[in-house]
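K.L.:
Below is data11.cif; it holds mmCIF, C-alpha atoms.
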```cif
data_my_file
loop_
_atom_site.group_PDB
_atom_site.id
_atom_site.type_symbol
_atom_site.label_atom_id
_atom_site.label_comp_id
_atom_site.auth_asym_id
_atom_site.auth_seq_id
_atom_site.Cartn_x
_atom_site.Cartn_y
_atom_site.Cartn_z
ATOM 1 C CA MET A 1 68.734 -28.409 -51.561
ATOM 2 C CA ILE A 2 69.254 -32.165 -51.512
ATOM 3 C CA GLU A 3 66.459 -34.206 -49.929
ATOM 4 C CA LEU A 4 66.829 -37.580 -48.227
ATOM 5 C CA ASP A 5 66.643 -39.622 -51.437
ATOM 6 C CA GLY A 6 69.564 -37.675 -52.847
ATOM 7 C CA VAL A 7 71.440 -37.941 -49.553
ATOM 8 C CA ARG A 8 71.049 -41.730 -49.663
ATOM 9 C CA ARG A 9 72.471 -41.847 -53.178
ATOM 10 C CA LEU A 10 75.492 -39.830 -52.066
ATOM 11 C CA LEU A 11 76.235 -41.616 -48.781
ATOM 12 C CA ALA A 12 77.695 -45.106 -48.435
ATOM 13 C CA PRO A 13 76.241 -45.782 -44.948
ATOM 14 C CA ARG A 14 72.748 -47.257 -45.001
ATOM 15 C CA ARG A 15 69.981 -47.160 -42.424
ATOM 16 C CA PRO A 16 70.195 -46.993 -39.474
ATOM 17 C CA MET A 17 73.588 -45.425 -40.109
ATOM 18 C CA THR A 18 72.317 -42.672 -42.442
ATOM 19 C CA LEU A 19 72.586 -39.638 -40.180
ATOM 20 C CA VAL A 20 71.930 -36.767 -42.567
ATOM 21 C CA ASP A 21 68.329 -35.894 -43.437
ATOM 22 C CA ARG A 22 68.707 -32.970 -45.825
ATOM 23 C CA VAL A 23 71.389 -30.802 -47.394
ATOM 24 C CA LEU A 24 70.411 -27.132 -47.285
ATOM 25 C CA GLU A 25 73.356 -25.689 -49.134
ATOM 26 C CA VAL A 26 76.475 -27.005 -50.771
ATOM 27 C CA VAL A 27 79.289 -25.273 -52.604
ATOM 28 C CA PRO A 28 81.688 -27.952 -53.901
ATOM 29 C CA GLY A 29 85.243 -27.249 -52.873
ATOM 30 C CA GLU A 30 84.104 -24.885 -50.119
ATOM 31 C CA ARG A 31 81.272 -25.747 -47.739
ATOM 32 C CA ILE A 32 78.080 -27.598 -46.958
ATOM 33 C CA VAL A 33 75.182 -27.031 -44.576
ATOM 34 C CA ALA A 34 73.105 -30.098 -43.700
ATOM 35 C CA VAL A 35 70.546 -31.011 -41.060
ATOM 36 C CA LYS A 36 69.636 -34.076 -39.056
ATOM 37 C CA ALA A 37 66.638 -34.396 -36.747
ATOM 38 C CA VAL A 38 67.260 -36.187 -33.440
ATOM 39 C CA THR A 39 64.319 -38.244 -32.213
ATOM 40 C CA GLY A 40 63.703 -40.557 -29.296
ATOM 41 C CA ASN A 41 62.789 -43.358 -31.724
ATOM 42 C CA GLU A 42 66.348 -43.796 -32.955
ATOM 43 C CA PRO A 43 67.860 -47.242 -32.359
ATOM 44 C CA TRP A 44 70.458 -46.130 -29.802
ATOM 45 C CA TYR A 45 67.582 -45.341 -27.442
ATOM 46 C CA ALA A 46 65.891 -48.726 -27.969
ATOM 47 C CA ARG A 47 67.360 -50.468 -24.940
ATOM 48 C CA MET A 48 66.638 -47.632 -22.543
ATOM 49 C CA PRO A 49 63.588 -48.015 -20.270
ATOM 50 C CA GLU A 50 60.584 -45.865 -21.163
ATOM 51 C CA ASP A 51 60.993 -43.906 -17.940
ATOM 52 C CA THR A 52 64.642 -42.963 -18.537
ATOM 53 C CA PRO A 53 65.137 -39.402 -17.232
ATOM 54 C CA ALA A 54 65.707 -36.787 -19.938
ATOM 55 C CA GLY A 55 69.126 -36.016 -18.555
ATOM 56 C CA GLN A 56 70.256 -39.506 -19.507
ATOM 57 C CA LEU A 57 69.000 -39.286 -23.087
ATOM 58 C CA ALA A 58 71.916 -37.335 -24.492
ATOM 59 C CA TYR A 59 72.652 -38.229 -28.110
ATOM 60 C CA PRO A 60 75.911 -40.221 -28.247
ATOM 61 C CA PRO A 61 78.754 -37.753 -28.928
ATOM 62 C CA THR A 62 80.348 -40.208 -31.332
ATOM 63 C CA LEU A 63 77.192 -40.079 -33.450
ATOM 64 C CA LEU A 64 77.402 -36.293 -33.522
ATOM 65 C CA ILE A 65 80.823 -36.767 -35.099
ATOM 66 C CA GLU A 66 79.442 -39.414 -37.480
ATOM 67 C CA SER A 67 76.481 -37.273 -38.550
ATOM 68 C CA TRP A 68 78.664 -34.202 -39.102
ATOM 69 C CA GLY A 69 81.204 -36.429 -40.844
ATOM 70 C CA GLN A 70 78.566 -37.722 -43.246
ATOM 71 C CA ALA A 71 77.803 -34.153 -44.277
ATOM 72 C CA ALA A 72 81.541 -33.703 -44.762
ATOM 73 C CA GLY A 73 81.600 -36.903 -46.833
ATOM 74 C CA ILE A 74 78.957 -35.536 -49.187
ATOM 75 C CA LEU A 75 81.028 -32.390 -49.595
ATOM 76 C CA ALA A 76 84.135 -34.501 -50.248
ATOM 77 C CA ASP A 77 82.436 -36.550 -52.935
ATOM 78 C CA LEU A 78 81.195 -33.399 -54.660
ATOM 79 C CA SER A 79 84.632 -31.754 -54.415
ATOM 80 C CA HIS A 80 87.317 -34.425 -54.894
ATOM 81 C CA GLU A 81 88.324 -34.846 -58.522
ATOM 82 C CA GLY A 82 90.781 -37.734 -58.221
ATOM 83 C CA PRO A 83 90.104 -41.466 -57.838
ATOM 84 C CA LYS A 84 87.578 -41.950 -55.070
ATOM 85 C CA GLY A 85 87.007 -45.483 -53.717
ATOM 86 C CA VAL A 86 85.839 -45.795 -50.147
ATOM 87 C CA LEU A 87 85.959 -42.740 -47.900
ATOM 88 C CA LEU A 88 87.197 -43.564 -44.402
ATOM 89 C CA LEU A 89 87.640 -41.490 -41.294
ATOM 90 C CA ALA A 90 91.392 -41.074 -40.779
ATOM 91 C CA GLY A 91 91.392 -38.879 -37.707
ATOM 92 C CA ALA A 92 90.146 -35.814 -35.907
ATOM 93 C CA ALA A 93 91.398 -33.254 -33.426
ATOM 94 C CA ASP A 94 90.019 -30.532 -31.202
ATOM 95 C CA VAL A 95 86.459 -31.845 -31.207
ATOM 96 C CA GLU A 96 84.581 -30.174 -28.353
ATOM 97 C CA PHE A 97 81.117 -30.951 -27.034
ATOM 98 C CA HIS A 98 79.665 -27.797 -25.518
ATOM 99 C CA ARG A 99 76.446 -29.235 -24.169
ATOM 100 C CA PRO A 100 74.399 -32.450 -24.355
ATOM 101 C CA VAL A 101 72.010 -32.909 -27.284
ATOM 102 C CA LEU A 102 68.576 -34.303 -26.437
ATOM 103 C CA PRO A 103 65.831 -35.758 -28.659
ATOM 104 C CA GLY A 104 63.570 -33.219 -30.316
ATOM 105 C CA VAL A 105 66.206 -30.928 -31.761
ATOM 106 C CA LEU A 106 67.389 -30.251 -35.283
ATOM 107 C CA LEU A 107 71.137 -30.452 -35.730
ATOM 108 C CA LYS A 108 72.566 -28.062 -38.279
ATOM 109 C CA HIS A 109 75.960 -29.160 -39.539
ATOM 110 C CA ARG A 110 78.218 -26.479 -40.964
ATOM 111 C CA VAL A 111 81.258 -27.978 -42.667
ATOM 112 C CA ARG A 112 84.078 -26.122 -44.365
ATOM 113 C CA LEU A 113 86.540 -27.883 -46.632
ATOM 114 C CA VAL A 114 90.028 -26.896 -45.540
ATOM 115 C CA ARG A 115 92.244 -28.842 -47.897
ATOM 116 C CA ILE A 116 92.463 -31.679 -50.384
ATOM 117 C CA VAL A 117 95.843 -33.373 -50.694
ATOM 118 C CA ARG A 118 95.673 -36.380 -53.006
ATOM 119 C CA GLU A 119 93.412 -38.912 -51.263
ATOM 120 C CA LEU A 120 93.139 -36.859 -48.060
ATOM 121 C CA VAL A 121 90.368 -34.356 -47.424
ATOM 122 C CA GLY A 122 90.381 -32.076 -44.359
ATOM 123 C CA PHE A 123 87.440 -30.250 -42.815
ATOM 124 C CA GLU A 124 86.456 -28.011 -39.930
ATOM 125 C CA GLY A 125 83.141 -26.669 -38.662
ATOM 126 C CA GLU A 126 80.496 -26.855 -36.008
ATOM 127 C CA ILE A 127 77.125 -28.298 -35.078
ATOM 128 C CA LEU A 128 74.355 -25.858 -34.157
ATOM 129 C CA VAL A 129 71.027 -26.246 -32.384
ATOM 130 C CA ASP A 130 68.750 -23.202 -32.564
ATOM 131 C CA GLY A 131 71.717 -21.098 -33.620
ATOM 132 C CA GLU A 132 73.902 -22.148 -30.683
ATOM 133 C CA ALA A 133 76.993 -24.300 -31.172
ATOM 134 C CA VAL A 134 76.622 -27.635 -29.365
ATOM 135 C CA ALA A 135 79.866 -29.018 -30.773
ATOM 136 C CA SER A 136 82.834 -27.730 -32.704
ATOM 137 C CA ILE A 137 85.177 -29.727 -34.887
ATOM 138 C CA GLY A 138 88.620 -28.205 -35.140
ATOM 139 C CA GLN A 139 89.935 -30.689 -37.646
ATOM 140 C CA LEU A 140 88.645 -33.873 -39.233
ATOM 141 C CA THR A 141 90.464 -35.789 -41.943
ATOM 142 C CA MET A 142 89.046 -38.409 -44.283
ATOM 143 C CA ALA A 143 90.949 -40.614 -46.692
ATOM 144 C CA TYR A 144 89.847 -42.280 -49.914
ATOM 145 C CA ARG A 145 90.953 -45.915 -50.006
ATOM 146 C CA PRO A 146 90.653 -48.120 -53.115
ATOM 147 C CA ASP A 147 87.656 -50.456 -53.085
ATOM 148 C CA ASP A 148 89.807 -53.467 -53.918
ATOM 149 C CA VAL A 149 92.121 -52.869 -50.941
ATOM 150 C CA LEU A 150 89.159 -53.210 -48.635
ATOM 151 C CA ARG A 151 87.837 -56.270 -50.448
ATOM 152 C CA GLN A 152 91.229 -57.947 -50.103
ATOM 153 C CA SER A 153 91.337 -57.155 -46.410
ATOM 154 C CA GLY A 154 89.979 -59.407 -43.735
ATOM 155 C CA PRO A 155 90.496 -60.317 -40.120
ATOM 156 C CA THR A 156 93.663 -62.234 -41.014
ATOM 157 C CA ALA A 157 95.054 -59.542 -43.296
ATOM 158 C CA PRO A 158 97.949 -57.323 -42.243
ATOM 159 C CA ALA A 159 97.034 -54.050 -40.653
ATOM 160 C CA ALA A 160 95.712 -51.621 -43.214
ATOM 161 C CA THR A 161 97.586 -48.404 -42.724
ATOM 162 C CA THR A 162 95.804 -45.154 -43.294
ATOM 163 C CA ALA A 163 97.334 -42.601 -45.582
ATOM 164 C CA THR A 164 98.061 -40.391 -42.595
ATOM 165 C CA ASP A 165 100.651 -42.868 -41.340
ATOM 166 C CA ARG A 166 102.922 -42.369 -44.303
ATOM 167 C CA PRO A 167 106.021 -40.350 -43.615
ATOM 168 C CA GLY A 168 105.599 -36.793 -44.736
ATOM 169 C CA GLU A 169 101.833 -36.877 -44.742
ATOM 170 C CA PRO A 170 99.976 -34.299 -42.706
ATOM 171 C CA ALA A 171 98.871 -35.581 -39.350
ATOM 172 C CA ALA A 172 95.215 -36.407 -39.005
ATOM 173 C CA MET B 173 85.905 -49.039 -9.110
ATOM 174 C CA THR B 174 88.015 -46.675 -7.061
ATOM 175 C CA ALA B 175 89.918 -43.733 -8.501
ATOM 176 C CA ALA B 176 93.226 -45.440 -7.767
ATOM 177 C CA SER B 177 92.341 -48.629 -9.609
ATOM 178 C CA ALA B 178 90.798 -46.707 -12.532
ATOM 179 C CA ALA B 179 94.103 -45.129 -13.583
ATOM 180 C CA SER B 180 94.932 -47.949 -15.988
ATOM 181 C CA VAL B 181 92.432 -50.393 -17.475
ATOM 182 C CA ALA B 182 92.359 -52.921 -20.330
ATOM 183 C CA VAL B 183 89.079 -54.432 -21.567
ATOM 184 C CA THR B 184 88.493 -56.783 -24.507
ATOM 185 C CA HIS B 185 85.270 -56.652 -26.543
ATOM 186 C CA ARG B 186 83.853 -58.608 -29.472
ATOM 187 C CA ALA B 187 83.604 -56.036 -32.263
ATOM 188 C CA SER B 188 80.112 -55.237 -33.495
ATOM 189 C CA LEU B 189 77.836 -52.247 -33.815
ATOM 190 C CA GLU B 190 76.359 -53.253 -30.472
ATOM 191 C CA PRO B 191 77.408 -50.180 -28.498
ATOM 192 C CA LEU B 192 75.374 -48.020 -30.866
ATOM 193 C CA PHE B 193 72.819 -50.161 -32.629
ATOM 194 C CA ALA B 194 72.126 -53.267 -30.542
ATOM 195 C CA ASP B 195 73.046 -55.186 -33.643
ATOM 196 C CA ASP B 196 75.844 -57.078 -35.235
ATOM 197 C CA CYS B 197 77.179 -55.698 -38.486
ATOM 198 C CA ALA B 198 77.303 -58.637 -40.858
ATOM 199 C CA ASP B 199 76.713 -56.331 -43.815
ATOM 200 C CA PHE B 200 79.622 -54.062 -42.895
ATOM 201 C CA PRO B 201 82.987 -55.104 -44.356
ATOM 202 C CA LEU B 202 84.757 -52.942 -41.771
ATOM 203 C CA LEU B 203 83.861 -51.690 -38.353
ATOM 204 C CA PRO B 204 83.163 -47.974 -38.856
ATOM 205 C CA GLY B 205 85.689 -45.677 -37.233
ATOM 206 C CA VAL B 206 82.954 -44.107 -35.171
ATOM 207 C CA SER B 207 82.156 -47.537 -33.697
ATOM 208 C CA VAL B 208 85.782 -48.057 -32.731
ATOM 209 C CA LEU B 209 85.703 -44.658 -31.045
ATOM 210 C CA GLU B 210 82.443 -45.607 -29.349
ATOM 211 C CA TYR B 211 84.124 -48.692 -27.839
ATOM 212 C CA ALA B 212 86.803 -46.387 -26.438
ATOM 213 C CA ARG B 213 84.196 -43.971 -25.075
ATOM 214 C CA THR B 214 81.902 -46.554 -23.502
ATOM 215 C CA THR B 215 84.835 -48.419 -21.984
ATOM 216 C CA ALA B 216 86.167 -45.170 -20.554
ATOM 217 C CA GLU B 217 82.765 -44.312 -19.122
ATOM 218 C CA ALA B 218 82.519 -47.749 -17.518
ATOM 219 C CA HIS B 219 85.785 -46.975 -15.709
ATOM 220 C CA LEU B 220 85.561 -43.310 -14.806
ATOM 221 C CA PRO B 221 88.093 -42.160 -12.205
ATOM 222 C CA ALA B 222 85.530 -39.919 -10.524
ATOM 223 C CA GLU B 223 81.762 -39.589 -10.382
ATOM 224 C CA GLY B 224 79.762 -37.154 -12.518
ATOM 225 C CA LEU B 225 82.237 -36.768 -15.372
ATOM 226 C CA ARG B 226 81.029 -36.137 -18.928
ATOM 227 C CA LEU B 227 82.862 -36.160 -22.228
ATOM 228 C CA ARG B 228 83.957 -32.605 -23.022
ATOM 229 C CA ALA B 229 86.290 -33.190 -25.966
ATOM 230 C CA VAL B 230 88.036 -35.573 -28.261
ATOM 231 C CA ASP B 231 91.390 -33.825 -28.258
ATOM 232 C CA ARG B 232 92.612 -36.158 -30.953
ATOM 233 C CA VAL B 233 91.815 -39.514 -32.512
ATOM 234 C CA ARG B 234 93.713 -41.356 -35.217
ATOM 235 C CA PHE B 235 92.691 -44.511 -37.014
ATOM 236 C CA THR B 236 95.816 -46.411 -37.935
ATOM 237 C CA GLY B 237 94.417 -49.826 -38.814
ATOM 238 C CA VAL B 238 91.111 -51.411 -39.680
ATOM 239 C CA ALA B 239 88.891 -53.468 -37.385
ATOM 240 C CA PHE B 240 86.507 -56.119 -38.631
ATOM 241 C CA PRO B 241 83.122 -57.162 -37.289
ATOM 242 C CA GLY B 242 83.348 -60.178 -35.031
ATOM 243 C CA GLU B 243 86.980 -59.899 -34.026
ATOM 244 C CA GLU B 244 88.334 -58.987 -30.633
ATOM 245 C CA LEU B 245 89.035 -55.362 -29.781
ATOM 246 C CA THR B 246 91.093 -54.573 -26.726
ATOM 247 C CA VAL B 247 90.711 -51.106 -25.257
ATOM 248 C CA GLU B 248 93.526 -49.896 -23.004
ATOM 249 C CA LEU B 249 92.864 -46.788 -20.944
ATOM 250 C CA GLU B 250 95.191 -44.476 -19.080
ATOM 251 C CA TRP B 251 93.600 -41.772 -16.952
ATOM 252 C CA THR B 252 95.462 -38.622 -15.932
ATOM 253 C CA PRO B 253 94.129 -35.643 -13.968
ATOM 254 C CA VAL B 254 94.677 -32.472 -16.019
ATOM 255 C CA GLY B 255 92.917 -29.833 -13.950
ATOM 256 C CA GLU B 256 90.329 -29.209 -11.318
ATOM 257 C CA ASP B 257 87.644 -31.827 -11.886
ATOM 258 C CA GLU B 258 89.091 -32.545 -15.333
ATOM 259 C CA TRP B 259 90.638 -35.798 -16.585
ATOM 260 C CA ALA B 260 92.337 -36.938 -19.773
ATOM 261 C CA CYS B 261 91.926 -40.507 -20.970
ATOM 262 C CA VAL B 262 94.305 -41.954 -23.542
ATOM 263 C CA ALA B 263 92.487 -44.872 -25.138
ATOM 264 C CA VAL B 264 94.274 -47.304 -27.438
ATOM 265 C CA VAL B 265 92.151 -49.815 -29.347
ATOM 266 C CA SER B 266 93.953 -52.861 -30.715
ATOM 267 C CA THR B 267 93.157 -55.962 -32.744
ATOM 268 C CA VAL B 268 95.299 -59.052 -33.219
ATOM 269 C CA ARG B 269 97.103 -57.130 -35.990
ATOM 270 C CA GLY B 270 98.087 -54.263 -33.734
ATOM 271 C CA LYS B 271 96.837 -50.796 -32.992
ATOM 272 C CA ALA B 272 93.621 -49.801 -34.754
ATOM 273 C CA SER B 273 93.071 -46.453 -33.100
ATOM 274 C CA SER B 274 94.361 -44.134 -30.444
ATOM 275 C CA ALA B 275 92.456 -41.275 -28.895
ATOM 276 C CA ARG B 276 92.795 -38.683 -26.180
ATOM 277 C CA LEU B 277 89.425 -38.035 -24.560
ATOM 278 C CA ARG B 278 88.834 -35.274 -22.053
ATOM 279 C CA TYR B 279 86.226 -35.463 -19.308
ATOM 280 C CA VAL B 280 85.010 -32.738 -16.976
ATOM 281 C CA GLY B 281 82.943 -32.691 -13.830
ATOM 282 C CA GLU B 282 80.626 -30.030 -12.507
ATOM 283 C CA ALA B 283 83.426 -27.452 -12.141
ATOM 284 C CA GLY B 284 84.261 -27.624 -15.837
ATOM 285 C CA ARG B 285 80.750 -27.279 -17.271
#
```
Show me, as structure tokens, the structure contained in the file I just sent.
P.N.:
Amino acid sequence: MIELDGVRRLLAPRRPMTLVDRVLEVVPGERIVAVKAVTGNEPWYARMPEDTPAGQLAYPPTLLIESWGQAAGILADLSHEGPKGVLLLAGAADVEFHRPVLPGVLLKHRVRLVRIVRELVGFEGEILVDGEAVASIGQLTMAYRPDDVLRQSGPTAPAATTATDRPGEPAA
Amino acid sequence: MTAASAASVAVTHRASLEPLFADDCADFPLLPGVSVLEYARTTAEAHLPAEGLRLRAVDRVRFTGVAFPGEELTVELEWTPVGEDEWACVAVVSTVRGKASSARLRYVGEAGR
């Protein structure tokens, strides 16, 4: 079990972008199970009127991906043995949202590590609420980029190409 | 916007965390990939080709270049009907340096839920 303080040490994103509350189980090189509580006090609800109908309070699907991806990132950092640097989202495929997620639920992220090829790490898994899958992630790929590459980048820099654009690399 | 005029759309934004956090992101050296995807999603949902659609899937998304806070992001959308009450949206997000991301989003209406 890794509590929030440990999660914060392992994750680069800081509040309000920290979207994992607790790691229940982790087997480096294989899998992780982590949870995140969804509440109506989160910042993405801040601009909504107090009387917003419940049906319009669905958690942003992109943040479901981000939260699940942060659990995957923890698993990557505990599994990848090569040079690390900054872990970036390279791509995803076959991500399905089965039903809207509303405040008051506990998301359980199940992530399985599928492959590590040099700086690329691939995952699959699902997001459960009360034992029912609310989203499934067929494939998500992250890439470690050197810290100094990012520091040298800037709005006037040439396009930074992800590792998945190199010929011969597996598609994201 | 009518269904006919929603088939192809291009919208330019000023990149920030605003779609998610009502905030800029001065402390972020890069715009997170999820924020780039959120620009694609919110732009698509501001230009839906039919009423009552909800995001069912991200069939694919690839991040091929970085985006920085404060710069312009242009989102180009192409809507295609793919089934009964089901639409695909190809969303390409670009900066001045070229393509930053491309995604295929799939939306369904009542019949697909």
K.L.:
Could you tell me, as a ChimeraX atom specification, exactly which residues end up selected when the PyMOL selection byres ((chain B and resi 265) around 12) is applied to this structure?
P.N.:
/B:181-185,187,205,207-213,215-216,233-239,244-250,262-264,266-276
K.L.:
Going by the chain IDs and residue numbers used in this file, which residues fall under the PyMOL selection byres ((chain A and resi 107) around 10)? Write them as a ChimeraX atom specification.
P.N.:
/A:20-21,34-38,64,67-68,101,104-106,108-110,127-131,133-134
K.L.:
Compare B:Arg226, B:Arg278, B:His219, B:Arg186 by their minimum atom-to-atom distance to Ala260 in chain B, counting only C-alpha atoms, and give me the closest one.
P.N.:
B:Arg278
K.L.:
Please indicate the distance in Å from CA of Ile137 in chain A to CA of Ala229 in chain B, rounded to one decimal place.
P.N.:
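Straight-line distance from CA of Ile137 in chain A to CA of Ala229 in chain B works out to 9.6 Å.
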K.L.:
For the point (84.1, -40.1, -13.8) in the file's frame, write as a ChimeraX atom specification all residues with an atom no more than 10 Å away, counting all atoms listed in the file.
P.N.:
/B:175,178,216-227,257-259,279-281
K.L.:
Work out how far CA of Gln139 in chain A is from CA of Arg8 in chain A, in Å to one decimal.
P.N.:
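Pair CA of Arg8 in chain A / CA of Gln139 in chain A returns 25.0 Å.
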K.L.:
Report the distance between CA of Val121 in chain A and CA of Leu140 in chain A in Å, rounded to one decimal place.
P.N.:
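Straight-line distance from CA of Val121 in chain A to CA of Leu140 in chain A works out to 8.4 Å.
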K.L.:
Take range 210-283 of chain B from the preceding structure and save C-alpha atoms as an mmCIF file, in the first residue's frame.
P.N.:
```cif
data_model
loop_
_atom_site.group_PDB
_atom_site.id
_atom_site.type_symbol
_atom_site.label_atom_id
_atom_site.label_comp_id
_atom_site.auth_asym_id
_atom_site.auth_seq_id
_atom_site.Cartn_x
_atom_site.Cartn_y
_atom_site.Cartn_z
ATOM 1 C CA GLU B 210 -9.152 18.166 -23.735
ATOM 2 C CA TYR B 211 -8.918 21.043 -26.242
ATOM 3 C CA ALA B 212 -9.827 18.564 -28.977
ATOM 4 C CA ARG B 213 -12.728 17.179 -26.938
ATOM 5 C CA THR B 214 -14.197 20.504 -25.844
ATOM 6 C CA THR B 215 -13.863 21.943 -29.338
ATOM 7 C CA ALA B 216 -15.589 18.884 -30.768
ATOM 8 C CA GLU B 217 -18.383 19.171 -28.224
ATOM 9 C CA ALA B 218 -18.851 22.844 -29.081
ATOM 10 C CA HIS B 219 -19.439 21.773 -32.693
ATOM 11 C CA LEU B 220 -21.412 18.557 -32.453
ATOM 12 C CA PRO B 221 -23.083 17.477 -35.701
ATOM 13 C CA ALA B 222 -26.194 16.319 -33.856
ATOM 14 C CA GLU B 223 -27.836 16.899 -30.495
ATOM 15 C CA GLY B 224 -27.447 14.568 -27.512
ATOM 16 C CA LEU B 225 -24.128 12.993 -28.475
ATOM 17 C CA ARG B 226 -21.656 11.869 -25.806
ATOM 18 C CA LEU B 227 -18.066 10.728 -26.050
ATOM 19 C CA ARG B 228 -18.022 6.933 -26.286
ATOM 20 C CA ALA B 229 -14.388 6.289 -27.196
ATOM 21 C CA VAL B 230 -11.004 7.630 -28.062
ATOM 22 C CA ASP B 231 -10.267 5.209 -30.873
ATOM 23 C CA ARG B 232 -6.745 6.531 -31.093
ATOM 24 C CA VAL B 233 -4.674 9.541 -30.101
ATOM 25 C CA ARG B 234 -1.036 10.242 -30.867
ATOM 26 C CA PHE B 235 1.100 13.058 -29.549
ATOM 27 C CA THR B 236 3.653 13.935 -32.182
ATOM 28 C CA GLY B 237 4.920 17.291 -30.945
ATOM 29 C CA VAL B 238 4.908 19.352 -27.792
ATOM 30 C CA ALA B 239 2.676 22.325 -27.012
ATOM 31 C CA PHE B 240 3.664 25.099 -24.648
ATOM 32 C CA PRO B 241 1.525 27.163 -22.300
ATOM 33 C CA GLY B 242 0.536 30.477 -23.810
ATOM 34 C CA GLU B 243 0.940 29.610 -27.466
ATOM 35 C CA GLU B 244 -1.798 29.202 -30.020
ATOM 36 C CA LEU B 245 -3.367 25.801 -30.593
ATOM 37 C CA THR B 246 -5.505 25.272 -33.649
ATOM 38 C CA VAL B 247 -7.976 22.407 -33.531
ATOM 39 C CA GLU B 248 -9.253 21.126 -36.877
ATOM 40 C CA LEU B 249 -12.239 18.799 -36.801
ATOM 41 C CA GLU B 250 -13.688 16.498 -39.415
ATOM 42 C CA TRP B 251 -16.963 14.780 -38.581
ATOM 43 C CA THR B 252 -18.100 11.601 -40.323
ATOM 44 C CA PRO B 253 -21.216 9.528 -39.618
ATOM 45 C CA VAL B 254 -20.162 5.937 -38.872
ATOM 46 C CA GLY B 255 -23.429 4.306 -37.868
ATOM 47 C CA GLU B 256 -26.898 4.901 -36.592
ATOM 48 C CA ASP B 257 -26.628 7.865 -34.242
ATOM 49 C CA GLU B 258 -22.846 7.437 -34.158
ATOM 50 C CA TRP B 259 -20.191 9.882 -35.389
ATOM 51 C CA ALA B 260 -16.415 9.855 -35.690
ATOM 52 C CA CYS B 261 -14.451 13.058 -35.223
ATOM 53 C CA VAL B 262 -10.867 13.305 -36.432
ATOM 54 C CA ALA B 263 -9.279 16.124 -34.457
ATOM 55 C CA VAL B 264 -5.860 17.500 -35.364
ATOM 56 C CA VAL B 265 -4.235 19.933 -32.936
ATOM 57 C CA SER B 266 -1.444 22.098 -34.323
ATOM 58 C CA THR B 267 0.963 24.759 -33.103
ATOM 59 C CA VAL B 268 3.113 27.089 -35.180
ATOM 60 C CA ARG B 269 5.645 24.232 -35.400
ATOM 61 C CA GLY B 270 3.180 21.801 -36.912
ATOM 62 C CA LYS B 271 1.019 18.970 -35.705
ATOM 63 C CA ALA B 272 1.053 18.365 -31.954
ATOM 64 C CA SER B 273 -1.606 15.692 -31.778
ATOM 65 C CA SER B 274 -4.143 13.801 -33.798
ATOM 66 C CA ALA B 275 -7.075 11.878 -32.417
ATOM 67 C CA ARG B 276 -10.104 9.958 -33.578
ATOM 68 C CA LEU B 277 -12.988 10.479 -31.166
ATOM 69 C CA ARG B 278 -16.235 8.565 -31.384
ATOM 70 C CA TYR B 279 -19.567 9.958 -30.231
ATOM 71 C CA VAL B 280 -22.885 8.182 -29.818
ATOM 72 C CA GLY B 281 -26.436 9.318 -29.295
ATOM 73 C CA GLU B 282 -29.266 7.627 -27.470
ATOM 74 C CA ALA B 283 -29.304 4.627 -29.843
#
```
